[in-house]
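**Student:** This is the content of my_file_13.pdb (PDB, C-alpha atoms and all ligand atoms):
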```pdb
ATOM      1  CA  MET M 116      12.730 -24.085 -28.682
ATOM      2  CA  TYR M 117      12.823 -20.329 -29.238
ATOM      3  CA  ILE M 118      15.042 -18.225 -26.957
ATOM      4  CA  GLU M 119      13.817 -14.646 -27.108
ATOM      5  CA  GLN M 120      15.132 -11.481 -25.503
ATOM      6  CA  THR M 121      12.726  -8.914 -26.891
ATOM      7  CA  ILE M 122       9.096  -8.248 -26.085
ATOM      8  CA  ALA M 123       8.340  -7.704 -29.770
ATOM      9  CA  ASN M 124       9.571 -11.198 -30.739
ATOM     10  CA  VAL M 125       7.554 -12.882 -27.979
ATOM     11  CA  LYS M 126       4.397 -11.037 -29.013
ATOM     12  CA  LYS M 127       4.947 -11.932 -32.678
ATOM     13  CA  GLN M 128       5.400 -15.642 -31.965
ATOM     14  CA  VAL M 129       2.445 -15.839 -29.562
ATOM     15  CA  LYS M 130       0.298 -14.099 -32.196
ATOM     16  CA  GLU M 131       1.239 -16.813 -34.700
ATOM     17  CA  TRP M 132       0.320 -19.553 -32.218
ATOM     18  CA  ARG M 133      -2.968 -17.808 -31.502
ATOM     19  CA  ALA M 134      -3.715 -17.603 -35.239
ATOM     20  CA  GLN M 135      -3.284 -21.391 -35.355
ATOM     21  CA  GLY M 136      -5.789 -21.769 -32.512
ATOM     22  CA  LEU M 137      -3.147 -22.995 -30.033
ATOM     23  CA  SER M 138      -3.371 -22.511 -26.265
ATOM     24  CA  VAL M 139      -0.484 -20.949 -24.344
ATOM     25  CA  GLY M 140       0.737 -21.834 -20.856
ATOM     26  CA  PHE M 141       3.188 -19.630 -18.991
ATOM     27  CA  VAL M 142       5.705 -20.265 -16.204
ATOM     28  CA  PRO M 143       7.307 -17.075 -14.843
ATOM     29  CA  THR M 144      10.657 -17.690 -13.099
ATOM     30  CA  MET M 145      13.824 -15.943 -12.006
ATOM     31  CA  GLY M 146      15.919 -18.785 -13.409
ATOM     32  CA  TYR M 147      18.427 -21.120 -11.776
ATOM     33  CA  LEU M 148      15.757 -23.710 -12.364
ATOM     34  CA  HIS M 149      15.331 -26.804 -10.203
ATOM     35  CA  GLU M 150      12.828 -29.666 -10.019
ATOM     36  CA  GLY M 151      10.252 -27.338  -8.463
ATOM     37  CA  HIS M 152      10.246 -25.135 -11.558
ATOM     38  CA  GLN M 153      10.408 -28.237 -13.740
ATOM     39  CA  SER M 154       7.203 -29.575 -12.175
ATOM     40  CA  LEU M 155       5.452 -26.307 -13.132
ATOM     41  CA  ILE M 156       6.760 -26.527 -16.715
ATOM     42  CA  GLN M 157       5.730 -30.190 -16.914
ATOM     43  CA  ARG M 158       2.198 -29.399 -15.751
ATOM     44  CA  ALA M 159       1.998 -26.484 -18.199
ATOM     45  CA  VAL M 160       3.154 -28.745 -21.054
ATOM     46  CA  GLU M 161       0.443 -31.277 -20.159
ATOM     47  CA  GLU M 162      -2.307 -28.647 -20.159
ATOM     48  CA  ASN M 163      -1.360 -26.325 -23.054
ATOM     49  CA  ASP M 164      -0.287 -26.562 -26.714
ATOM     50  CA  LYS M 165       2.675 -24.193 -26.242
ATOM     51  CA  VAL M 166       4.547 -23.242 -23.085
ATOM     52  CA  VAL M 167       6.546 -20.063 -22.510
ATOM     53  CA  VAL M 168       9.007 -19.876 -19.581
ATOM     54  CA  SER M 169      10.309 -16.462 -18.564
ATOM     55  CA  ILE M 170      13.717 -16.180 -16.928
ATOM     56  CA  PHE M 171      14.188 -12.741 -15.446
ATOM     57  CA  VAL M 172      15.779 -11.735 -12.159
ATOM     58  CA  ASN M 173      13.409  -8.882 -11.460
ATOM     59  CA  PRO M 174      15.334  -6.088  -9.725
ATOM     60  CA  ILE M 175      12.275  -4.239  -8.425
ATOM     61  CA  GLN M 176      11.140  -7.117  -6.198
ATOM     62  CA  PHE M 177      14.416  -7.056  -4.201
ATOM     63  CA  GLY M 178      14.867  -4.722  -1.243
ATOM     64  CA  PRO M 179      17.993  -2.525  -1.022
ATOM     65  CA  LYS M 180      19.806  -4.930   1.322
ATOM     66  CA  GLU M 181      18.666  -8.142  -0.397
ATOM     67  CA  ASP M 182      20.449 -10.598  -2.673
ATOM     68  CA  LEU M 183      19.820  -9.138  -6.161
ATOM     69  CA  GLU M 184      23.520  -9.093  -7.068
ATOM     70  CA  SER M 185      24.302 -12.565  -5.745
ATOM     71  CA  TYR M 186      21.085 -14.241  -6.955
ATOM     72  CA  PRO M 187      22.279 -17.406  -8.777
ATOM     73  CA  ARG M 188      22.108 -17.393 -12.566
ATOM     74  CA  ASP M 189      22.777 -20.078 -15.206
ATOM     75  CA  LEU M 190      20.910 -19.339 -18.419
ATOM     76  CA  ASP M 191      22.442 -22.202 -20.433
ATOM     77  CA  ALA M 192      21.447 -24.854 -17.894
ATOM     78  CA  ASP M 193      17.994 -23.250 -17.586
ATOM     79  CA  CYS M 194      17.428 -23.353 -21.358
ATOM     80  CA  THR M 195      18.507 -27.006 -21.468
ATOM     81  CA  LEU M 196      16.023 -27.894 -18.720
ATOM     82  CA  CYS M 197      13.217 -25.949 -20.428
ATOM     83  CA  GLU M 198      13.837 -27.614 -23.786
ATOM     84  CA  LYS M 199      14.090 -31.083 -22.230
ATOM     85  CA  THR M 200      10.824 -30.513 -20.375
ATOM     86  CA  GLY M 201       8.963 -29.468 -23.522
ATOM     87  CA  ALA M 202       8.795 -25.659 -23.350
ATOM     88  CA  ALA M 203       8.327 -23.970 -26.723
ATOM     89  CA  MET M 204       9.965 -20.673 -25.760
ATOM     90  CA  VAL M 205      12.225 -19.118 -23.152
ATOM     91  CA  PHE M 206      11.844 -15.371 -22.718
ATOM     92  CA  CYS M 207      14.970 -13.946 -21.048
ATOM     93  CA  PRO M 208      14.927 -10.165 -21.402
ATOM     94  CA  GLU M 209      17.556  -7.696 -20.198
ATOM     95  CA  VAL M 210      16.497  -5.346 -17.404
ATOM     96  CA  SER M 211      16.470  -2.455 -19.923
ATOM     97  CA  GLU M 212      13.958  -4.333 -22.111
ATOM     98  CA  MET M 213      11.530  -4.687 -19.188
ATOM     99  CA  TYR M 214      12.159  -1.334 -17.523
ATOM    100  CA  GLY M 215      12.961   1.223 -20.198
ATOM    101  CA  GLU M 216      13.960   4.778 -19.407
ATOM    102  CA  GLY M 217      11.263   6.668 -17.554
ATOM    103  CA  PHE M 218       9.466   3.502 -16.460
ATOM    104  CA  SER M 219       6.844   4.637 -13.962
ATOM    105  CA  ALA M 220       3.832   2.285 -13.779
ATOM    106  CA  TYR M 221       3.463  -0.116 -10.839
ATOM    107  CA  VAL M 222       0.858  -2.586  -9.621
ATOM    108  CA  ASP M 223       0.389  -2.330  -5.889
ATOM    109  CA  MET M 224      -1.813  -4.526  -3.716
ATOM    110  CA  ASN M 225      -3.283  -3.949  -0.264
ATOM    111  CA  GLY M 226      -4.641  -6.372   2.284
ATOM    112  CA  VAL M 227      -3.346  -9.648   0.939
ATOM    113  CA  THR M 228       0.210  -8.259   1.090
ATOM    114  CA  ALA M 229      -0.035  -6.899   4.654
ATOM    115  CA  GLU M 230       1.241  -9.967   6.541
ATOM    116  CA  LEU M 231       3.994 -12.584   6.184
ATOM    117  CA  CYS M 232       6.567 -11.752   3.466
ATOM    118  CA  GLY M 233       4.730  -8.506   2.663
ATOM    119  CA  LYS M 234       5.452  -7.320   6.194
ATOM    120  CA  SER M 235       9.118  -8.390   6.203
ATOM    121  CA  ARG M 236       9.763  -7.242   2.620
ATOM    122  CA  PRO M 237       7.608  -4.106   2.191
ATOM    123  CA  THR M 238       8.322  -3.430  -1.511
ATOM    124  CA  HIS M 239       8.519  -7.065  -2.621
ATOM    125  CA  PHE M 240       4.984  -7.699  -3.858
ATOM    126  CA  ARG M 241       4.763  -4.383  -5.687
ATOM    127  CA  GLY M 242       7.757  -5.596  -7.694
ATOM    128  CA  VAL M 243       6.292  -9.079  -8.186
ATOM    129  CA  CYS M 244       2.855  -7.826  -9.259
ATOM    130  CA  THR M 245       4.322  -5.243 -11.613
ATOM    131  CA  VAL M 246       6.564  -7.729 -13.409
ATOM    132  CA  VAL M 247       3.923 -10.481 -13.511
ATOM    133  CA  CYS M 248       1.358  -8.027 -14.894
ATOM    134  CA  LYS M 249       3.862  -6.964 -17.586
ATOM    135  CA  LEU M 250       4.698 -10.586 -18.399
ATOM    136  CA  PHE M 251       0.993 -11.478 -18.644
ATOM    137  CA  ASN M 252       0.510  -8.554 -21.067
ATOM    138  CA  ILE M 253       3.478  -9.701 -23.159
ATOM    139  CA  VAL M 254       2.758 -13.459 -23.220
ATOM    140  CA  THR M 255      -1.074 -13.274 -22.945
ATOM    141  CA  PRO M 256      -1.232 -16.837 -21.563
ATOM    142  CA  ASP M 257      -4.388 -18.887 -21.100
ATOM    143  CA  ARG M 258      -2.919 -20.360 -17.913
ATOM    144  CA  ALA M 259      -0.031 -19.352 -15.649
ATOM    145  CA  TYR M 260       1.671 -21.682 -13.185
ATOM    146  CA  PHE M 261       2.985 -20.744  -9.734
ATOM    147  CA  GLY M 262       4.440 -22.892  -6.954
ATOM    148  CA  GLU M 263       2.711 -23.194  -3.576
ATOM    149  CA  LYS M 264       6.101 -22.772  -1.912
ATOM    150  CA  ASP M 265       5.596 -19.027  -2.458
ATOM    151  CA  ALA M 266       2.067 -19.383  -1.137
ATOM    152  CA  GLN M 267       1.494 -15.708  -0.394
ATOM    153  CA  GLN M 268       2.746 -14.833  -3.886
ATOM    154  CA  LEU M 269       0.218 -17.276  -5.351
ATOM    155  CA  ALA M 270      -2.602 -15.693  -3.289
ATOM    156  CA  VAL M 271      -1.471 -12.178  -4.262
ATOM    157  CA  ILE M 272      -1.390 -13.055  -7.981
ATOM    158  CA  ARG M 273      -4.868 -14.639  -7.734
ATOM    159  CA  HIS M 274      -6.183 -11.423  -6.148
ATOM    160  CA  MET M 275      -4.459  -9.260  -8.776
ATOM    161  CA  VAL M 276      -5.940 -11.312 -11.619
ATOM    162  CA  ARG M 277      -9.405 -11.162 -10.060
ATOM    163  CA  ASP M 278      -9.320  -7.466  -9.138
ATOM    164  CA  LEU M 279      -7.830  -6.284 -12.446
ATOM    165  CA  ASN M 280      -9.977  -8.644 -14.583
ATOM    166  CA  MET M 281      -7.004 -10.309 -16.231
ATOM    167  CA  ASN M 282      -7.846 -13.090 -18.677
ATOM    168  CA  VAL M 283      -5.601 -15.777 -17.281
ATOM    169  CA  GLU M 284      -6.232 -18.853 -15.174
ATOM    170  CA  VAL M 285      -3.786 -19.045 -12.258
ATOM    171  CA  VAL M 286      -2.752 -22.612 -11.445
ATOM    172  CA  GLY M 287      -1.095 -23.413  -8.100
ATOM    173  CA  CYS M 288       1.259 -26.419  -7.981
ATOM    174  CA  PRO M 289       2.478 -28.355  -4.913
ATOM    175  CA  ILE M 290       5.824 -27.787  -3.196
ATOM    176  CA  VAL M 291       8.631 -30.036  -4.434
ATOM    177  CA  ARG M 292      11.030 -31.176  -1.702
ATOM    178  CA  GLU M 293      14.481 -32.723  -1.526
ATOM    179  CA  ALA M 294      14.516 -36.367  -0.341
ATOM    180  CA  ASP M 295      15.239 -35.177   3.213
ATOM    181  CA  GLY M 296      12.320 -32.721   3.245
ATOM    182  CA  LEU M 297      13.940 -29.358   2.467
ATOM    183  CA  ALA M 298      11.713 -27.393   0.087
ATOM    184  CA  LYS M 299      13.506 -26.846  -3.240
ATOM    185  CA  SER M 300      14.666 -23.272  -3.715
ATOM    186  CA  SER M 301      17.272 -21.525  -5.844
ATOM    187  CA  ARG M 302      18.459 -19.902  -2.591
ATOM    188  CA  ASN M 303      19.393 -23.314  -1.095
ATOM    189  CA  THR M 304      22.654 -22.938  -3.043
ATOM    190  CA  TYR M 305      23.700 -20.190  -0.583
ATOM    191  CA  LEU M 306      23.823 -22.711   2.292
ATOM    192  CA  SER M 307      27.116 -24.130   3.591
ATOM    193  CA  PRO M 308      27.061 -27.893   4.338
ATOM    194  CA  GLU M 309      26.468 -27.123   8.021
ATOM    195  CA  GLU M 310      23.647 -24.675   7.206
ATOM    196  CA  ARG M 311      22.128 -27.158   4.746
ATOM    197  CA  LYS M 312      21.749 -29.620   7.641
ATOM    198  CA  ALA M 313      20.388 -26.909   9.934
ATOM    199  CA  ALA M 314      17.838 -25.881   7.278
ATOM    200  CA  LEU M 315      16.009 -29.178   7.779
ATOM    201  CA  VAL M 316      14.517 -27.609  10.888
ATOM    202  CA  LEU M 317      12.063 -25.758   8.617
ATOM    203  CA  SER M 318      10.468 -28.894   7.183
ATOM    204  CA  ARG M 319      10.565 -30.571  10.629
ATOM    205  CA  SER M 320       8.604 -27.701  12.094
ATOM    206  CA  ILE M 321       6.180 -27.696   9.118
ATOM    207  CA  GLN M 322       5.565 -31.440   9.448
ATOM    208  CA  ALA M 323       4.968 -31.147  13.203
ATOM    209  CA  GLY M 324       2.463 -28.287  12.787
ATOM    210  CA  LYS M 325       0.607 -30.105  10.041
ATOM    211  CA  ALA M 326       0.477 -33.342  12.058
ATOM    212  CA  MET M 327      -0.996 -31.505  15.068
ATOM    213  CA  ILE M 328      -3.827 -30.030  12.997
ATOM    214  CA  GLN M 329      -4.444 -33.326  11.226
ATOM    215  CA  ALA M 330      -4.670 -34.995  14.646
ATOM    216  CA  GLY M 331      -7.480 -32.569  15.558
ATOM    217  CA  GLU M 332      -5.759 -29.529  17.115
ATOM    218  CA  LYS M 333      -7.792 -26.460  16.124
ATOM    219  CA  ASN M 334      -6.004 -23.884  18.273
ATOM    220  CA  GLY M 335      -3.604 -22.080  15.943
ATOM    221  CA  ASP M 336      -1.564 -20.521  18.731
ATOM    222  CA  ARG M 337      -0.742 -23.929  20.181
ATOM    223  CA  VAL M 338       0.341 -25.161  16.750
ATOM    224  CA  LEU M 339       2.551 -22.106  16.146
ATOM    225  CA  GLU M 340       4.049 -22.385  19.644
ATOM    226  CA  GLU M 341       5.143 -25.964  18.969
ATOM    227  CA  MET M 342       6.570 -24.987  15.573
ATOM    228  CA  CYS M 343       8.537 -22.118  17.171
ATOM    229  CA  ARG M 344       9.804 -24.478  19.862
ATOM    230  CA  ILE M 345      11.197 -26.837  17.214
ATOM    231  CA  LEU M 346      12.781 -23.962  15.267
ATOM    232  CA  SER M 347      14.374 -22.493  18.384
ATOM    233  CA  GLU M 348      16.186 -25.788  19.040
ATOM    234  CA  GLU M 349      18.390 -25.110  15.996
ATOM    235  CA  PRO M 350      21.172 -22.643  16.921
ATOM    236  CA  LEU M 351      21.724 -21.500  13.303
ATOM    237  CA  ALA M 352      18.036 -20.650  12.805
ATOM    238  CA  LYS M 353      16.570 -17.189  13.427
ATOM    239  CA  ILE M 354      12.805 -16.866  13.016
ATOM    240  CA  ASP M 355      11.482 -14.073  10.802
ATOM    241  CA  TYR M 356       7.848 -15.167  11.169
ATOM    242  CA  VAL M 357       5.719 -18.205  12.008
ATOM    243  CA  GLU M 358       2.063 -17.442  11.270
ATOM    244  CA  MET M 359      -1.347 -18.931  10.557
ATOM    245  CA  VAL M 360      -3.499 -16.982   8.079
ATOM    246  CA  ARG M 361      -6.729 -17.534   6.195
ATOM    247  CA  TRP M 362      -5.776 -19.066   2.850
ATOM    248  CA  ASP M 363      -8.247 -16.915   0.913
ATOM    249  CA  SER M 364      -7.348 -13.480   2.325
ATOM    250  CA  ILE M 365      -3.943 -13.947   4.072
ATOM    251  CA  GLU M 366      -5.394 -12.375   7.243
ATOM    252  CA  ILE M 367      -4.030 -13.568  10.578
ATOM    253  CA  HIS M 368      -6.278 -16.347  11.912
ATOM    254  CA  HIS M 369      -6.070 -18.262  15.166
ATOM    255  CA  GLN M 370      -8.218 -21.328  14.510
ATOM    256  CA  ALA M 371      -7.791 -24.108  11.953
ATOM    257  CA  ASP M 372     -11.524 -23.923  11.217
ATOM    258  CA  VAL M 373     -11.361 -22.507   7.653
ATOM    259  CA  PRO M 374      -8.810 -23.203   4.887
ATOM    260  CA  VAL M 375      -5.572 -21.942   6.413
ATOM    261  CA  LEU M 376      -2.005 -21.335   5.340
ATOM    262  CA  VAL M 377       0.643 -21.908   7.985
ATOM    263  CA  ALA M 378       3.774 -20.144   6.752
ATOM    264  CA  ILE M 379       7.260 -19.656   8.119
ATOM    265  CA  ALA M 380      10.291 -17.580   7.155
ATOM    266  CA  VAL M 381      13.543 -18.421   8.889
ATOM    267  CA  TYR M 382      17.095 -17.174   8.485
ATOM    268  CA  ILE M 383      19.694 -19.934   8.390
ATOM    269  CA  GLY M 384      22.827 -17.866   8.775
ATOM    270  CA  THR M 385      22.228 -15.013   6.331
ATOM    271  CA  THR M 386      19.964 -17.014   4.005
ATOM    272  CA  ARG M 387      16.243 -16.399   4.387
ATOM    273  CA  LEU M 388      14.196 -19.530   3.618
ATOM    274  CA  ILE M 389      10.433 -19.979   3.530
ATOM    275  CA  ASP M 390       8.190 -23.027   3.852
ATOM    276  CA  ASN M 391       4.518 -23.657   4.509
ATOM    277  CA  PHE M 392       1.568 -25.971   4.470
ATOM    278  CA  ILE M 393      -1.962 -25.281   3.305
ATOM    279  CA  LEU M 394      -4.972 -27.002   4.832
ATOM    280  CA  GLU M 395      -7.919 -26.538   2.482
TER     281      GLU M 395
HETATM  282  O1  LIG W 401       8.537 -16.659  -7.947
HETATM  283  C1  LIG W 401       9.378 -16.062  -8.646
HETATM  284  O2  LIG W 401      10.350 -16.632  -9.116
HETATM  285  C2  LIG W 401       9.183 -14.587  -8.940
HETATM  286  O3  LIG W 401       8.664 -13.913  -7.851
HETATM  287  C3  LIG W 401       8.342 -14.308 -10.200
HETATM  288  C4  LIG W 401       6.923 -14.811 -10.051
HETATM  289  C5  LIG W 401       8.991 -14.988 -11.405
HETATM  290  C6  LIG W 401       8.289 -12.812 -10.485
HETATM  291  O4  LIG W 401       9.558 -12.279 -10.682
END
```
Could you quickly redo this structure as C-alpha cells?
Ligand code: PAF

**Tutor:**
Amino acid sequence: MYIEQTIANVKKQVKEWRAQGLSVGFVPTMGYLHEGHQSLIQRAVEENDKVVVSIFVNPIQFGPKEDLESYPRDLDADCTLCEKTGAAMVFCPEVSEMYGEGFSAYVDMNGVTAELCGKSRPTHFRGVCTVVCKLFNIVTPDRAYFGEKDAQQLAVIRHMVRDLNMNVEVVGCPIVREADGLAKSSRNTYLSPEERKAALVLSRSIQAGKAMIQAGEKNGDRVLEEMCRILSEEPLAKIDYVEMVRWDSIEIHHQADVPVLVAIAVYIGTTRLIDNFILE
C-alpha cells in the first residue's frame, strides 16, 4: 500500500492506474479509523480496482471553539487498518499541502446546509465541501463512499456533486453501531465510562422514533416529542437538536409521508454526538 503526503504523488499514481484502465474508489476520512470507516473501505474495495483513503483532520471544518486540537489521531493504526482492508493508497497530507499560503477558494452551499448541523455549526459544511471538492480533484475517483451517520453531510455532498457537475458517484453506506447500539464515532473516545453509558440514550431515542413511524405514526411532531422525552430522562444529556427533515432537501418536515431523515445532536457532557435514521 502506498502512503502519500503530496498531491503530486497521488495524482501521478492515479494517472498510472487510469492508464491501465483501472477504476478508483475513494474514502475520505479524518482518521482514527473504526469499523464504520472500515465498512466504507470494504465496500469501496468490493466495487473498485483501487481504493484511496484520505486521512486529514481538516481544520477549516472546525469552529473556533470546537475540538480541532484534541481530535484523536493515530496514523500508524489507521494505515494498518487500511492495508488490512485492501486499500491501495493512504493520502495523509499536512495542512500546508492542502492549504498553501494565500489559499482563498471555498465551496459554499445554501439550502441543504440551513438546518441541523449546518445551523449549529455555521462554517462546518463550507469546510467539508471545500476539502471534499479538493480531494475529488486530486484523487478523481469514480466512486466516493460516505457514512449515513453523517446523513446531512452525505446529502450536502450529493447536492454539491450534482450542482457542480462533478464526475463522481456518491455512495452512502449504513451506520455501524457498537453491540449496545451506540453509533461508532471517533469522538466516542472522549466519553468517560459514565458518559459512555449515558450516550446510549441517543440510540434508545432513535430506536423509539423509528419504531413509532414503522408502527404507522405519521405525525412528525409526536415522534420528535417522544424522542425528546427519552433524551431528557438522561441527566448527562443536553439536546442540541431533534428534527425531522425531508431526506432529499434537508428541509424541516412534519409528516412521515415522504422519505425523511430524523436526526439528533446531543451533548453528553462536553462531547457532541449525532445519530439518525432515514426512512426512504
Ligand atoms: O466525515 C468526515 O470524516 C469529514 O467530514 C470528511 C468527509 C472526511 C471531510 O473532512

**Student:** Tell me which residues the PyMOL selection byres (((chain M and resi 193) around 12) and not hetatm) grabs here, as a PyMOL selection string.

**Tutor:** chain M and resi 118+144-150+152-153+156+168-171+187-192+194-200+202+204-207+301

**Student:** Listing only residues of chain M within 9 Å of ligand LIG 401 (chain W), what is the closest atom pair and its distance in Å (to one decimal) for each, using all atoms listed in the file, sorted by chain and residue number ascending, as a tab-separated table?

**Tutor:**
```
residue	atom	partner	partner_atom	distance
M:Val142	CA	W:LIG401	C5	7.9
M:Pro143	CA	W:LIG401	C5	4.4
M:Thr144	CA	W:LIG401	C5	3.6
M:Met145	CA	W:LIG401	O2	4.6
M:Gly146	CA	W:LIG401	O2	7.4
M:His152	CA	W:LIG401	O2	8.8
M:Ser169	CA	W:LIG401	C5	7.4
M:Ile170	CA	W:LIG401	C5	7.4
M:Phe171	CA	W:LIG401	O4	6.7
M:Val172	CA	W:LIG401	O4	6.4
M:Asn173	CA	W:LIG401	O4	5.2
M:Pro174	CA	W:LIG401	O4	8.5
M:Ile175	CA	W:LIG401	O4	8.8
M:Gln176	CA	W:LIG401	O4	7.0
M:His239	CA	W:LIG401	O3	8.6
M:Phe240	CA	W:LIG401	O3	8.3
M:Gly242	CA	W:LIG401	O4	7.5
M:Val243	CA	W:LIG401	C6	4.8
M:Cys244	CA	W:LIG401	C6	7.5
M:Thr245	CA	W:LIG401	C6	8.6
M:Val246	CA	W:LIG401	O4	6.1
M:Val247	CA	W:LIG401	C6	5.8
M:Leu250	CA	W:LIG401	C6	9.0
M:Phe261	CA	W:LIG401	O1	7.1
M:Gly262	CA	W:LIG401	O1	7.5
M:Lys264	CA	W:LIG401	O1	8.9
M:Asp265	CA	W:LIG401	O1	6.7
M:Gln268	CA	W:LIG401	O3	7.2
M:Leu269	CA	W:LIG401	C4	8.6
M:Ile272	CA	W:LIG401	C4	8.7
```

**Student:** To one decimal place in Å, what is the distance between atom CA of M:Leu183 and atom CA of M:Thr385?

**Tutor:**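 Result for atom CA of M:Leu183 versus atom CA of M:Thr385: 14.0 Å, one decimal.
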
**Student:** Applied to this file, what does the PyMOL selection byres (((chain M and resi 286) around 9) and not hetatm) return in terms of residues, put as a ChimeraX atom specification?

**Tutor:** /M:258-262,269,284-285,287-288

**Student:** Those same residues - C-alpha atoms - I'd like them written as a PDB file, in the frame of the given file.

**Tutor:**
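Saved the output as result-v1.pdb:
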```pdb
ATOM      1  CA  ARG M 258      -2.919 -20.360 -17.913  1.00  0.00           C
ATOM      2  CA  ALA M 259      -0.031 -19.352 -15.649  1.00  0.00           C
ATOM      3  CA  TYR M 260       1.671 -21.682 -13.185  1.00  0.00           C
ATOM      4  CA  PHE M 261       2.985 -20.744  -9.734  1.00  0.00           C
ATOM      5  CA  GLY M 262       4.440 -22.892  -6.954  1.00  0.00           C
ATOM      6  CA  LEU M 269       0.218 -17.276  -5.351  1.00  0.00           C
ATOM      7  CA  GLU M 284      -6.232 -18.853 -15.174  1.00  0.00           C
ATOM      8  CA  VAL M 285      -3.786 -19.045 -12.258  1.00  0.00           C
ATOM      9  CA  GLY M 287      -1.095 -23.413  -8.100  1.00  0.00           C
ATOM     10  CA  CYS M 288       1.259 -26.419  -7.981  1.00  0.00           C
TER      11      CYS M 288
END
```

**Student:** List the residues selected by the PyMOL selection byres (((chain M and resi 355) around 12) and not hetatm) in the file shown, writing them as a list in words.

**Tutor:**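 Against this file, the PyMOL selection byres (((chain M and resi 355) around 12) and not hetatm) returns the residues Glu230, Leu231, Cys232, Gly233, Lys234, Ser235, Arg236, Leu317, Cys343, Leu346, Ser347, Ala352, Lys353, Ile354, Tyr356, Val357, Glu358, Ala378, Ile379, Ala380, Val381, Tyr382, Ile383, Thr385, Thr386, Arg387, Leu388, Ile389 and Asp390 of chain M.
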
**Student:** Please save C-alpha atoms of the selected residues as a PDB file, in the frame of the given file.

**Tutor:**
```
ATOM      1  CA  GLU M 230       1.241  -9.967   6.541  1.00  0.00           C
ATOM      2  CA  LEU M 231       3.994 -12.584   6.184  1.00  0.00           C
ATOM      3  CA  CYS M 232       6.567 -11.752   3.466  1.00  0.00           C
ATOM      4  CA  GLY M 233       4.730  -8.506   2.663  1.00  0.00           C
ATOM      5  CA  LYS M 234       5.452  -7.320   6.194  1.00  0.00           C
ATOM      6  CA  SER M 235       9.118  -8.390   6.203  1.00  0.00           C
ATOM      7  CA  ARG M 236       9.763  -7.242   2.620  1.00  0.00           C
ATOM      8  CA  LEU M 317      12.063 -25.758   8.617  1.00  0.00           C
ATOM      9  CA  CYS M 343       8.537 -22.118  17.171  1.00  0.00           C
ATOM     10  CA  LEU M 346      12.781 -23.962  15.267  1.00  0.00           C
ATOM     11  CA  SER M 347      14.374 -22.493  18.384  1.00  0.00           C
ATOM     12  CA  ALA M 352      18.036 -20.650  12.805  1.00  0.00           C
ATOM     13  CA  LYS M 353      16.570 -17.189  13.427  1.00  0.00           C
ATOM     14  CA  ILE M 354      12.805 -16.866  13.016  1.00  0.00           C
ATOM     15  CA  TYR M 356       7.848 -15.167  11.169  1.00  0.00           C
ATOM     16  CA  VAL M 357       5.719 -18.205  12.008  1.00  0.00           C
ATOM     17  CA  GLU M 358       2.063 -17.442  11.270  1.00  0.00           C
ATOM     18  CA  ALA M 378       3.774 -20.144   6.752  1.00  0.00           C
ATOM     19  CA  ILE M 379       7.260 -19.656   8.119  1.00  0.00           C
ATOM     20  CA  ALA M 380      10.291 -17.580   7.155  1.00  0.00           C
ATOM     21  CA  VAL M 381      13.543 -18.421   8.889  1.00  0.00           C
ATOM     22  CA  TYR M 382      17.095 -17.174   8.485  1.00  0.00           C
ATOM     23  CA  ILE M 383      19.694 -19.934   8.390  1.00  0.00           C
ATOM     24  CA  THR M 385      22.228 -15.013   6.331  1.00  0.00           C
ATOM     25  CA  THR M 386      19.964 -17.014   4.005  1.00  0.00           C
ATOM     26  CA  ARG M 387      16.243 -16.399   4.387  1.00  0.00           C
ATOM     27  CA  LEU M 388      14.196 -19.530   3.618  1.00  0.00           C
ATOM     28  CA  ILE M 389      10.433 -19.979   3.530  1.00  0.00           C
ATOM     29  CA  ASP M 390       8.190 -23.027   3.852  1.00  0.00           C
TER      30      ASP M 390
END
```

**Student:** What does the distance between atom CA of M:Gln267 and atom CA of M:Glu310 come to in Å, to one decimal place?

**Tutor:**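 Value for the atom CA of M:Gln267-atom CA of M:Glu310 distance: 25.1 Å.
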
**Student:** Please reconstruct the missing atoms of stretch 167-174 of chain M (target: N, CA, C and O atoms) and return them as an mmCIF file, in the coordinates of the input.

**Tutor:**
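File written: selection_15.cif
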```
data_model
loop_
_atom_site.group_PDB
_atom_site.id
_atom_site.type_symbol
_atom_site.label_atom_id
_atom_site.label_comp_id
_atom_site.auth_asym_id
_atom_site.auth_seq_id
_atom_site.Cartn_x
_atom_site.Cartn_y
_atom_site.Cartn_z
ATOM 1 N N VAL M 167 5.502 -21.086 -22.581
ATOM 2 C CA VAL M 167 6.546 -20.063 -22.510
ATOM 3 C C VAL M 167 7.055 -20.026 -21.068
ATOM 4 O O VAL M 167 6.260 -20.004 -20.121
ATOM 5 N N VAL M 168 8.383 -20.032 -20.904
ATOM 6 C CA VAL M 168 9.007 -19.876 -19.581
ATOM 7 C C VAL M 168 9.759 -18.550 -19.604
ATOM 8 O O VAL M 168 10.561 -18.312 -20.521
ATOM 9 N N SER M 169 9.490 -17.678 -18.631
ATOM 10 C CA SER M 169 10.309 -16.462 -18.564
ATOM 11 C C SER M 169 11.390 -16.640 -17.518
ATOM 12 O O SER M 169 11.180 -17.269 -16.475
ATOM 13 N N ILE M 170 12.567 -16.133 -17.839
ATOM 14 C CA ILE M 170 13.717 -16.180 -16.928
ATOM 15 C C ILE M 170 14.190 -14.749 -16.779
ATOM 16 O O ILE M 170 14.770 -14.168 -17.707
ATOM 17 N N PHE M 171 13.875 -14.163 -15.625
ATOM 18 C CA PHE M 171 14.188 -12.741 -15.446
ATOM 19 C C PHE M 171 14.335 -12.462 -13.959
ATOM 20 O O PHE M 171 13.378 -12.619 -13.193
ATOM 21 N N VAL M 172 15.553 -12.102 -13.556
ATOM 22 C CA VAL M 172 15.779 -11.735 -12.159
ATOM 23 C C VAL M 172 15.304 -10.287 -12.027
ATOM 24 O O VAL M 172 15.970 -9.356 -12.492
ATOM 25 N N ASN M 173 14.142 -10.147 -11.440
ATOM 26 C CA ASN M 173 13.409 -8.882 -11.460
ATOM 27 C C ASN M 173 13.919 -7.929 -10.378
ATOM 28 O O ASN M 173 13.607 -8.112 -9.202
ATOM 29 N N PRO M 174 14.682 -6.904 -10.763
ATOM 30 C CA PRO M 174 15.334 -6.088 -9.725
ATOM 31 C C PRO M 174 14.355 -5.411 -8.783
ATOM 32 O O PRO M 174 14.671 -5.211 -7.611
#
```
